[in-house]
Amino acid sequence: MPRLTGGEIRERFLRFFERNDHTVVASSSLVPAGDPTLLFTNAGMVPFKGVFLGTDPRPYRRAVSVQKCLRVSGKHNDLENVGRTARHHTFFEMLGNFSFGDYFKEGAIEYGWAFLTRELELPEDRLWVTIYKDDDVAGELWQRLTGLSPDRIVRLGEKDNFWSMGETGPCGPCSELIFDQGPRIGCGRPTCGIECGCDRYLELWNLVFMQYNRDASGTLTPLPKPSIDTGAGLERMAAVCQGVKSNFESDLIRPLIATVEELSQKRYGADEQDDVSMRVIADHARAVTFALADGVLPSNEGRGYVLRRILRRALRHGRLLGLDEPFLAAATDKVIDLMTDAYPELPANRAHVARLAWIEEDRFGIVLREALPRLHDLIQNVRSQTAERAILPGLKLFELYDTYGVPRDLIDEIAVEQSVTCDWDGFETELRRQRDMSRAHLKAFGDVQGVAEAFHDLVRARQTVFLGYERLELAASVVAVIADGKQVDRIGAGQEGEVVLDQTPFYAESGGQVGDAGYLRGDAVLAEVLDTKRPLAGLIVHRVLVKRGEIRNGQRFLASVDAGRRSTTVKNHTATHLVHAALRQILGDHVRQEGSLVAPDRLRFDFRHYGPLSPAEVTQIEEMVNAKLWANLPVTVEEMRLDEALAKGALAFFGDKYGDEVRVVSVADFSIELCGGTHTRATGEIGLFKIAHETGVAAGIRRIEALTGPGAFQHLKREGEVLRESADRLKSKPLEVPEKVDRLFESARAFEREVERLRAKLGVEMAEELLKKATQVDGVTVVAGLAERCDQRALRELADRLRTKIGSGVIVLATSLDGRVGWVAAVTPDLTSRLHAGKLVKEVASITGGSGGGRADLAEAGGKNPDELDRALRLVPELVKRFLA
């Protein structure tokens, strides 16, 4: 058996199936394109889901891919096991070959066996297979095609050997190829076999025979074109081919562990707990690198929330190894070095990945510094309330975990050290609530499964021909009329519904560009097209309001796009391309589009960048874009193969889905992007460009809102009017406004400094007066009084000044402003064990109809009844005496 590197296995897999008439398909993004049901791509078949469902036709019936995958959510959540076993990963590469109604079981079995025994030269006598218990066809094929003896073909039940895409839909039995690693890796029990949980019998490859459709009742109906979906983990294959016991010891991951060894100055294999931490960091560095490179950013919801968990788990294990200085960027850098040959897009993201890793690591250090004291305070509080073993409430645990990012294992570890118990049941309740919120957020992306069945039926029957690039008006026939998600015969005057045409000039909302509006005109019929959508690939749906007459199937109409609205929209769309190119030139190649809105009245462009743009950078962008407008550069559109477009330097965007043939929009040699939208013929048509706002919308994401053409002119006109109005009020010339405002600010600051000086002087005098009225209660100095004209901040400052003056004692101060009462109580440190400021201020505030509380040394309260102030202050010595007793 030859010792093959991971890279050699990857390449042999692709070339083997390419020789067998499979189309090589590049790995898709970790962010599933057009599939809102998944946070991350977690299997090789995900990019082909629409092909299997019949909604995404491709020009090939056989495909092969090496797909990058991430399993950190849902039923495929391996996060907590990573580092503790030899096989669990968050990020991994899945080798897969696929047949879309072409070859079936016989072909899948032949290819699988041939690749393992001939290409990888695995010993046949160490290979086993499992099949579904009722799949006699697969059993017979394995024996006939490979010569396997029946005792090495194991039948298992539905749990292990029957695959489903969901509760309904395509499904079928599967067959797993198992490699016997020998007794040196097994558990050693005499009963050890295929179904044992140890690593001796290692699943290498799963062949799914997709031959049924399951309906809502659970009934299985044979598919007219059975298909094949297979998946094999590259890391497992590499470990087997290299004769190592763990995936982490293969050449795909072991160099990363070596990097951690160098950083931590610890040796892998010397301590099991350190080994776990090293494996966690090695695995998570891969996940972080690829997720960041594919446009995912750390956040507190959705994909970003999952990424942040991975990042912080890696950083936590770094701290366990003694890595107190930032280290994750070095690990991600090593990942890029190792994976560049297979994923050539990684080097361009090197700086971006390192920068975000460093930012997150720095933030987590702050989190630990801020959150750990809160955890220790929580432990002290619950201990003070019970003589029995203290229990940390689930809600508080979840706040530490979710709000402050403290890992659960860290909470557990500290709880054990402090001999307290954690209410993890209550924590899980809060976690489920948070997950429900996350799912609700995910649904905002749209639900493919929720698309009306009428649309699915239509797209299977025919596709709409879009002619709107060349024409804004054409004759078209009604193919379908839809109301409330169902096909109907007609809709009449005053009704809204959806209309599908055989061909259309209306652009459907896509790629950030809003859908066209306009009219459908026919004999005695007029309908306003309110919007145009594309609920499924190949189907364009017009949302209409019937103004006159009725719309029926088969009718002919003159479909007319609102030309003025389209004209301003295309100006804004071409401008977004210019903005993107300008941003990359001025800020750097790390800039990447993260979203956009192209509407008739404005454009919005979200992009990846680390911080706010300076005024000078905003000006640079405006000047560069306008220079391209005034140069009247040609805008050209070409159609070509995806690989050709990428080779020419065309920008493709995260989350977008591209076919083999793509549309490329170029602006001279300044900008080249893959784009299906509508554009101007030359940049001069845009006229003028103006940035209205630049803001942040998420961690590492900035947003530019801008205007073009007449909208930009009106914006500049309004700015000029406001400047002139401001100048008139300041009695200055427009260009002198900044200087005049600066002088006014300096005057205001001078007044503020004088106010502060007088306030400080007043505070000293007030403190002296209050000290003269101090009393003694059981040997304790008590200062209580009214501080007139003080706000709450001044009251706290006065209390601090008095506490310093008396050295030992109790201070209770009150103020009254606008009919409200304010209280502050302060206790010197030597007395906090006898008298709690929070309890004292709560008691005295209750006399004025209020409440409050705080720490033992300093507390605040409010009240509603100023008339009771004098009585409350007179009672302070008596209350102090009671608390001291």
# chains A, B, ... in the order shown; residues from 1 in each chain; ligands from 1
>>> select_by_dssp(residues="region 335-394 of chain A", states="alpha helix (DSSP H)", output="ChimeraX atom specification")
/A:335-339,350-384,394
>>> residues_around(residues="Ser726 (chain A)", least_positions_apart="6", cutoff="12 Å", atoms="only C-alpha atoms", output="MDAnalysis selection string")
chainID A and resid 719:720 732:738 740:741
>>> write_last_selection(atoms="N, CA, C and O atoms", output="PDB file, in the first residue's frame")
ATOM      1  N   GLU A 719     -27.503  70.071   0.209  1.00  0.00           N
ATOM      2  CA  GLU A 719     -26.366  70.347   1.086  1.00  0.00           C
ATOM      3  C   GLU A 719     -25.945  71.809   0.966  1.00  0.00           C
ATOM      4  O   GLU A 719     -25.626  72.468   1.964  1.00  0.00           O
ATOM      5  N   GLY A 720     -25.947  72.343  -0.257  1.00  0.00           N
ATOM      6  CA  GLY A 720     -25.584  73.743  -0.464  1.00  0.00           C
ATOM      7  C   GLY A 720     -26.564  74.682   0.215  1.00  0.00           C
ATOM      8  O   GLY A 720     -26.175  75.694   0.827  1.00  0.00           O
ATOM      9  N   SER A 732     -21.968  84.611   8.720  1.00  0.00           N
ATOM     10  CA  SER A 732     -20.665  84.413   8.077  1.00  0.00           C
ATOM     11  C   SER A 732     -20.880  84.011   6.631  1.00  0.00           C
ATOM     12  O   SER A 732     -22.007  83.771   6.203  1.00  0.00           O
ATOM     13  N   LYS A 733     -19.791  83.903   5.887  1.00  0.00           N
ATOM     14  CA  LYS A 733     -19.854  83.400   4.527  1.00  0.00           C
ATOM     15  C   LYS A 733     -19.867  81.860   4.582  1.00  0.00           C
ATOM     16  O   LYS A 733     -19.320  81.263   5.517  1.00  0.00           O
ATOM     17  N   PRO A 734     -20.479  81.192   3.543  1.00  0.00           N
ATOM     18  CA  PRO A 734     -20.577  79.719   3.591  1.00  0.00           C
ATOM     19  C   PRO A 734     -19.251  79.021   3.824  1.00  0.00           C
ATOM     20  O   PRO A 734     -19.169  78.086   4.625  1.00  0.00           O
ATOM     21  N   LEU A 735     -18.195  79.462   3.174  1.00  0.00           N
ATOM     22  CA  LEU A 735     -16.917  78.777   3.317  1.00  0.00           C
ATOM     23  C   LEU A 735     -16.227  79.097   4.639  1.00  0.00           C
ATOM     24  O   LEU A 735     -15.210  78.486   4.976  1.00  0.00           O
ATOM     25  N   GLU A 736     -16.771  80.038   5.401  1.00  0.00           N
ATOM     26  CA  GLU A 736     -16.188  80.388   6.705  1.00  0.00           C
ATOM     27  C   GLU A 736     -16.925  79.714   7.858  1.00  0.00           C
ATOM     28  O   GLU A 736     -16.579  79.926   9.019  1.00  0.00           O
ATOM     29  N   VAL A 737     -17.955  78.906   7.539  1.00  0.00           N
ATOM     30  CA  VAL A 737     -18.757  78.270   8.585  1.00  0.00           C
ATOM     31  C   VAL A 737     -17.905  77.402   9.523  1.00  0.00           C
ATOM     32  O   VAL A 737     -18.033  77.501  10.748  1.00  0.00           O
ATOM     33  N   PRO A 738     -17.027  76.512   9.034  1.00  0.00           N
ATOM     34  CA  PRO A 738     -16.248  75.685   9.960  1.00  0.00           C
ATOM     35  C   PRO A 738     -15.437  76.503  10.957  1.00  0.00           C
ATOM     36  O   PRO A 738     -15.395  76.190  12.155  1.00  0.00           O
ATOM     37  N   LYS A 740     -16.057  79.556  12.018  1.00  0.00           N
ATOM     38  CA  LYS A 740     -16.966  80.209  12.969  1.00  0.00           C
ATOM     39  C   LYS A 740     -17.470  79.199  14.003  1.00  0.00           C
ATOM     40  O   LYS A 740     -17.544  79.525  15.207  1.00  0.00           O
ATOM     41  N   VAL A 741     -17.782  78.000  13.575  1.00  0.00           N
ATOM     42  CA  VAL A 741     -18.249  76.961  14.492  1.00  0.00           C
ATOM     43  C   VAL A 741     -17.145  76.583  15.480  1.00  0.00           C
ATOM     44  O   VAL A 741     -17.399  76.394  16.681  1.00  0.00           O
TER      45      VAL A 741
END
>>> select_by_dssp(residues="region 558-662 of chain A", states="strand (DSSP E or B)", output="tab-separated table (two decimals) with C-alpha atoms, in the first residue's frame")
chain	number	residue	atom	x	y	z
A	558	LEU	CA	-47.80	44.05	-24.51
A	559	ALA	CA	-45.36	43.88	-21.60
A	560	SER	CA	-43.78	47.31	-20.99
A	561	VAL	CA	-41.07	48.06	-18.46
A	593	GLN	CA	-18.79	42.79	-1.52
A	594	GLU	CA	-21.03	41.46	1.22
A	595	GLY	CA	-24.36	42.66	-0.08
A	596	SER	CA	-25.99	45.43	-2.08
A	597	LEU	CA	-29.21	47.18	-2.91
A	598	VAL	CA	-29.63	48.66	-6.37
A	603	LEU	CA	-27.61	52.38	-4.13
A	604	ARG	CA	-26.31	50.63	-1.03
A	605	PHE	CA	-23.04	48.71	-1.00
A	606	ASP	CA	-21.91	46.55	1.93
A	607	PHE	CA	-18.28	45.53	1.96
A	608	ARG	CA	-15.70	43.83	4.11
A	634	PRO	CA	-17.42	51.60	-22.26
A	635	VAL	CA	-19.39	48.98	-20.32
A	636	THR	CA	-19.22	45.61	-22.04
A	637	VAL	CA	-21.06	42.37	-21.38
A	638	GLU	CA	-19.78	38.91	-22.37
A	639	GLU	CA	-20.87	35.36	-21.70
A	640	MET	CA	-18.17	32.76	-21.06
A	641	ARG	CA	-17.28	29.73	-19.01
A	651	LEU	CA	-14.79	39.02	-9.14
A	661	GLU	CA	-21.70	29.66	-18.19
A	662	VAL	CA	-21.59	33.14	-16.63
>>> residues_around(residues="region 670-686 of chain A", least_positions_apart="5", cutoff="8 Å", atoms="only C-alpha atoms", output="short mmCIF file (atom, residue, chain, number, x, y, z; two decimals) with all heavy atoms, in the first residue's frame")
data_model
loop_
_atom_site.label_atom_id
_atom_site.label_comp_id
_atom_site.auth_asym_id
_atom_site.auth_seq_id
_atom_site.Cartn_x
_atom_site.Cartn_y
_atom_site.Cartn_z
N TYR A 469 -32.55 42.35 -21.38
CA TYR A 469 -31.26 43.04 -21.60
C TYR A 469 -31.33 43.90 -22.84
O TYR A 469 -30.73 44.98 -22.90
CB TYR A 469 -30.13 42.02 -21.75
CG TYR A 469 -29.80 41.25 -20.51
CD1 TYR A 469 -29.64 39.86 -20.54
CD2 TYR A 469 -29.62 41.90 -19.28
CE1 TYR A 469 -29.32 39.14 -19.41
CE2 TYR A 469 -29.30 41.18 -18.13
CZ TYR A 469 -29.14 39.79 -18.20
OH TYR A 469 -28.82 39.09 -17.08
N SER A 510 -32.67 40.30 -8.26
CA SER A 510 -31.55 39.37 -8.15
C SER A 510 -30.27 40.15 -8.01
O SER A 510 -30.15 41.25 -8.55
CB SER A 510 -31.48 38.47 -9.39
OG SER A 510 -30.39 37.57 -9.28
N GLY A 511 -29.30 39.59 -7.27
CA GLY A 511 -27.99 40.21 -7.15
C GLY A 511 -28.03 41.60 -6.55
O GLY A 511 -27.15 42.42 -6.80
N GLN A 513 -30.20 43.93 -7.24
CA GLN A 513 -30.99 44.84 -8.07
C GLN A 513 -32.47 44.54 -7.89
O GLN A 513 -32.90 43.38 -7.98
CB GLN A 513 -30.61 44.70 -9.55
CG GLN A 513 -31.40 45.63 -10.47
CD GLN A 513 -30.93 45.58 -11.91
OE1 GLN A 513 -29.76 45.30 -12.18
NE2 GLN A 513 -31.84 45.83 -12.85
N VAL A 570 -30.24 51.16 -13.60
CA VAL A 570 -29.01 50.70 -14.24
C VAL A 570 -27.85 51.65 -13.93
O VAL A 570 -26.70 51.22 -13.80
CB VAL A 570 -29.17 50.50 -15.76
CG1 VAL A 570 -30.23 49.48 -16.07
CG2 VAL A 570 -29.45 51.81 -16.48
N LYS A 571 -28.14 52.96 -13.82
CA LYS A 571 -27.08 53.89 -13.41
C LYS A 571 -26.50 53.48 -12.06
O LYS A 571 -25.27 53.45 -11.87
CB LYS A 571 -27.63 55.32 -13.33
CG LYS A 571 -27.95 55.98 -14.67
CD LYS A 571 -28.52 57.37 -14.43
CE LYS A 571 -28.69 58.16 -15.73
NZ LYS A 571 -29.63 57.55 -16.66
N ASN A 572 -27.40 53.17 -11.12
CA ASN A 572 -26.95 52.79 -9.78
C ASN A 572 -26.22 51.45 -9.78
O ASN A 572 -25.29 51.24 -9.00
CB ASN A 572 -28.14 52.76 -8.81
CG ASN A 572 -28.61 54.16 -8.45
OD1 ASN A 572 -27.83 55.10 -8.43
ND2 ASN A 572 -29.89 54.30 -8.17
N HIS A 573 -26.65 50.53 -10.66
CA HIS A 573 -26.00 49.22 -10.67
C HIS A 573 -24.57 49.32 -11.21
O HIS A 573 -23.62 48.79 -10.62
CB HIS A 573 -26.80 48.21 -11.49
CG HIS A 573 -26.47 46.79 -11.15
ND1 HIS A 573 -27.34 45.75 -11.34
CD2 HIS A 573 -25.36 46.22 -10.59
CE1 HIS A 573 -26.78 44.63 -10.93
NE2 HIS A 573 -25.57 44.90 -10.47
N THR A 574 -24.40 50.02 -12.31
CA THR A 574 -23.04 50.19 -12.84
C THR A 574 -22.18 50.94 -11.83
O THR A 574 -20.99 50.63 -11.66
CB THR A 574 -23.08 50.93 -14.18
OG1 THR A 574 -23.91 50.20 -15.10
CG2 THR A 574 -21.69 51.05 -14.78
N ALA A 575 -22.78 51.88 -11.12
CA ALA A 575 -22.03 52.63 -10.11
C ALA A 575 -21.53 51.72 -8.98
O ALA A 575 -20.43 51.94 -8.45
CB ALA A 575 -22.88 53.75 -9.54
N HIS A 577 -20.48 48.70 -9.27
CA HIS A 577 -19.26 48.06 -9.77
C HIS A 577 -18.07 49.03 -9.68
O HIS A 577 -16.96 48.62 -9.30
CB HIS A 577 -19.46 47.61 -11.22
CG HIS A 577 -20.36 46.42 -11.36
ND1 HIS A 577 -20.10 45.39 -12.23
CD2 HIS A 577 -21.52 46.08 -10.74
CE1 HIS A 577 -21.05 44.48 -12.15
NE2 HIS A 577 -21.94 44.89 -11.25
N LEU A 578 -18.30 50.28 -10.01
CA LEU A 578 -17.24 51.27 -9.93
C LEU A 578 -16.81 51.50 -8.48
O LEU A 578 -15.61 51.65 -8.19
CB LEU A 578 -17.69 52.59 -10.56
CG LEU A 578 -18.06 52.53 -12.05
CD1 LEU A 578 -18.62 53.87 -12.51
CD2 LEU A 578 -16.85 52.14 -12.90
N ALA A 581 -14.63 48.55 -7.33
CA ALA A 581 -13.28 48.62 -7.87
C ALA A 581 -12.48 49.73 -7.19
O ALA A 581 -11.29 49.56 -6.87
CB ALA A 581 -13.33 48.86 -9.38
N LYS A 628 -14.06 58.19 -13.51
CA LYS A 628 -14.43 57.14 -14.47
C LYS A 628 -15.73 57.50 -15.20
O LYS A 628 -15.91 57.14 -16.36
CB LYS A 628 -14.57 55.79 -13.75
CG LYS A 628 -13.31 55.33 -13.02
CD LYS A 628 -12.09 55.30 -13.92
CE LYS A 628 -10.83 54.93 -13.15
NZ LYS A 628 -9.62 55.00 -14.01
N LEU A 629 -16.63 58.21 -14.52
CA LEU A 629 -17.87 58.64 -15.19
C LEU A 629 -17.54 59.64 -16.29
O LEU A 629 -18.04 59.55 -17.42
CB LEU A 629 -18.84 59.29 -14.19
CG LEU A 629 -19.27 58.50 -12.96
CD1 LEU A 629 -20.45 59.20 -12.28
CD2 LEU A 629 -19.65 57.07 -13.31
N TRP A 630 -16.69 60.59 -15.95
CA TRP A 630 -16.40 61.68 -16.90
C TRP A 630 -15.50 61.19 -18.03
O TRP A 630 -15.44 61.84 -19.09
CB TRP A 630 -15.78 62.85 -16.15
CG TRP A 630 -16.71 63.35 -15.07
CD1 TRP A 630 -18.07 63.29 -15.07
CD2 TRP A 630 -16.34 63.92 -13.81
NE1 TRP A 630 -18.60 63.79 -13.91
CE2 TRP A 630 -17.55 64.19 -13.11
CE3 TRP A 630 -15.13 64.24 -13.20
CZ2 TRP A 630 -17.56 64.77 -11.83
CZ3 TRP A 630 -15.15 64.82 -11.94
CH2 TRP A 630 -16.35 65.08 -11.27
N ALA A 631 -14.84 60.05 -17.83
CA ALA A 631 -14.05 59.47 -18.92
C ALA A 631 -14.93 58.72 -19.91
O ALA A 631 -14.46 58.30 -20.98
CB ALA A 631 -12.98 58.52 -18.35
N ASN A 632 -16.21 58.54 -19.54
CA ASN A 632 -17.20 57.86 -20.40
C ASN A 632 -16.67 56.50 -20.90
O ASN A 632 -16.68 56.19 -22.10
CB ASN A 632 -17.58 58.74 -21.59
CG ASN A 632 -18.88 58.28 -22.24
OD1 ASN A 632 -19.73 57.67 -21.58
ND2 ASN A 632 -19.03 58.54 -23.51
N LEU A 633 -16.23 55.67 -19.95
CA LEU A 633 -15.66 54.36 -20.29
C LEU A 633 -16.74 53.43 -20.81
O LEU A 633 -17.89 53.45 -20.33
CB LEU A 633 -15.00 53.74 -19.05
CG LEU A 633 -13.87 54.54 -18.41
CD1 LEU A 633 -13.40 53.85 -17.13
CD2 LEU A 633 -12.70 54.70 -19.38
N PRO A 634 -16.43 52.56 -21.76
CA PRO A 634 -17.42 51.60 -22.26
C PRO A 634 -17.71 50.51 -21.25
O PRO A 634 -16.81 50.05 -20.53
CB PRO A 634 -16.74 51.02 -23.51
CG PRO A 634 -15.28 51.16 -23.23
CD PRO A 634 -15.13 52.44 -22.45
N VAL A 635 -18.97 50.11 -21.16
CA VAL A 635 -19.39 48.98 -20.32
C VAL A 635 -19.75 47.84 -21.25
O VAL A 635 -20.64 47.96 -22.09
CB VAL A 635 -20.61 49.35 -19.44
CG1 VAL A 635 -21.04 48.15 -18.60
CG2 VAL A 635 -20.28 50.55 -18.56
N THR A 636 -19.01 46.74 -21.14
CA THR A 636 -19.22 45.61 -22.04
C THR A 636 -19.71 44.39 -21.27
O THR A 636 -19.39 44.20 -20.11
CB THR A 636 -17.92 45.24 -22.79
OG1 THR A 636 -16.91 44.94 -21.82
CG2 THR A 636 -17.46 46.39 -23.65
N ALA A 645 -13.80 33.15 -16.97
CA ALA A 645 -14.08 34.45 -16.35
C ALA A 645 -13.17 34.68 -15.14
O ALA A 645 -12.60 35.76 -14.96
CB ALA A 645 -15.54 34.53 -15.93
N GLY A 649 -9.82 37.42 -14.19
CA GLY A 649 -9.81 38.30 -13.03
C GLY A 649 -11.17 38.77 -12.58
O GLY A 649 -11.28 39.68 -11.74
N ALA A 650 -12.25 38.16 -13.12
CA ALA A 650 -13.60 38.57 -12.72
C ALA A 650 -13.83 38.26 -11.24
O ALA A 650 -13.43 37.22 -10.74
CB ALA A 650 -14.64 37.85 -13.58
N LEU A 651 -14.48 39.21 -10.55
CA LEU A 651 -14.79 39.02 -9.14
C LEU A 651 -16.08 38.23 -9.00
O LEU A 651 -17.09 38.54 -9.64
CB LEU A 651 -14.94 40.37 -8.45
CG LEU A 651 -13.70 41.26 -8.40
CD1 LEU A 651 -14.04 42.58 -7.72
CD2 LEU A 651 -12.57 40.56 -7.66
N ALA A 652 -16.05 37.20 -8.17
CA ALA A 652 -17.25 36.44 -7.82
C ALA A 652 -17.50 36.65 -6.34
O ALA A 652 -16.57 36.86 -5.57
CB ALA A 652 -17.04 34.95 -8.13
N VAL A 662 -21.31 31.96 -17.43
CA VAL A 662 -21.59 33.14 -16.63
C VAL A 662 -21.58 34.39 -17.49
O VAL A 662 -21.05 34.41 -18.60
CB VAL A 662 -20.56 33.29 -15.50
CG1 VAL A 662 -20.70 32.17 -14.48
CG2 VAL A 662 -19.14 33.35 -16.05
N ARG A 663 -22.16 35.43 -16.95
CA ARG A 663 -22.22 36.73 -17.62
C ARG A 663 -21.20 37.65 -16.95
O ARG A 663 -21.19 37.81 -15.74
CB ARG A 663 -23.63 37.30 -17.48
CG ARG A 663 -23.95 38.50 -18.34
CD ARG A 663 -25.47 38.72 -18.30
NE ARG A 663 -25.86 39.88 -19.09
CZ ARG A 663 -26.03 41.09 -18.58
NH1 ARG A 663 -25.84 41.30 -17.30
NH2 ARG A 663 -26.41 42.10 -19.37
N VAL A 664 -20.33 38.24 -17.75
CA VAL A 664 -19.24 39.05 -17.23
C VAL A 664 -19.45 40.50 -17.67
O VAL A 664 -19.59 40.78 -18.85
CB VAL A 664 -17.87 38.53 -17.73
CG1 VAL A 664 -16.74 39.39 -17.18
CG2 VAL A 664 -17.68 37.07 -17.34
N VAL A 665 -19.47 41.41 -16.68
CA VAL A 665 -19.64 42.84 -16.96
C VAL A 665 -18.31 43.54 -16.69
O VAL A 665 -17.76 43.46 -15.58
CB VAL A 665 -20.74 43.45 -16.08
CG1 VAL A 665 -20.86 44.95 -16.34
CG2 VAL A 665 -22.08 42.77 -16.37
N THR A 708 -26.72 58.68 -7.58
CA THR A 708 -26.15 58.97 -8.89
C THR A 708 -27.09 59.89 -9.67
O THR A 708 -28.26 60.05 -9.32
CB THR A 708 -25.92 57.69 -9.71
OG1 THR A 708 -27.20 57.09 -9.99
CG2 THR A 708 -25.03 56.70 -8.97
N GLY A 709 -26.54 60.48 -10.75
CA GLY A 709 -27.36 61.26 -11.68
C GLY A 709 -28.15 62.35 -11.00
O GLY A 709 -27.65 63.06 -10.11
#
>>> residues_around(residues="Arg10 (chain A)", least_positions_apart="5", cutoff="8 Å", atoms="only C-alpha atoms", output="ChimeraX atom specification")
/A:66,95,234
>>> atom_distance(atom1="CA of Ile391 (chain A)", atom2="CA of Glu428 (chain A)")
15.1 Å
>>> residues_around(residues="region 21-33 of chain A", least_positions_apart="5", cutoff="10 Å", atoms="only C-alpha atoms", output="ChimeraX atom specification")
/A:14-16,38-44,46-48,59-70,91,93-94,97-99,287,290-296,303,342-343,643,653-658,660
>>> closest_residue(among="A:Gly218, A:Gly492, A:Gly318, A:Gly515", to="Ala599 (chain A)", atoms="only C-alpha atoms")
A:Gly515
>>> closest_residue(among="A:Gly83, A:Gly197, A:Gly785, A:Pro173", to="His317 (chain A)", atoms="only C-alpha atoms")
A:Gly83
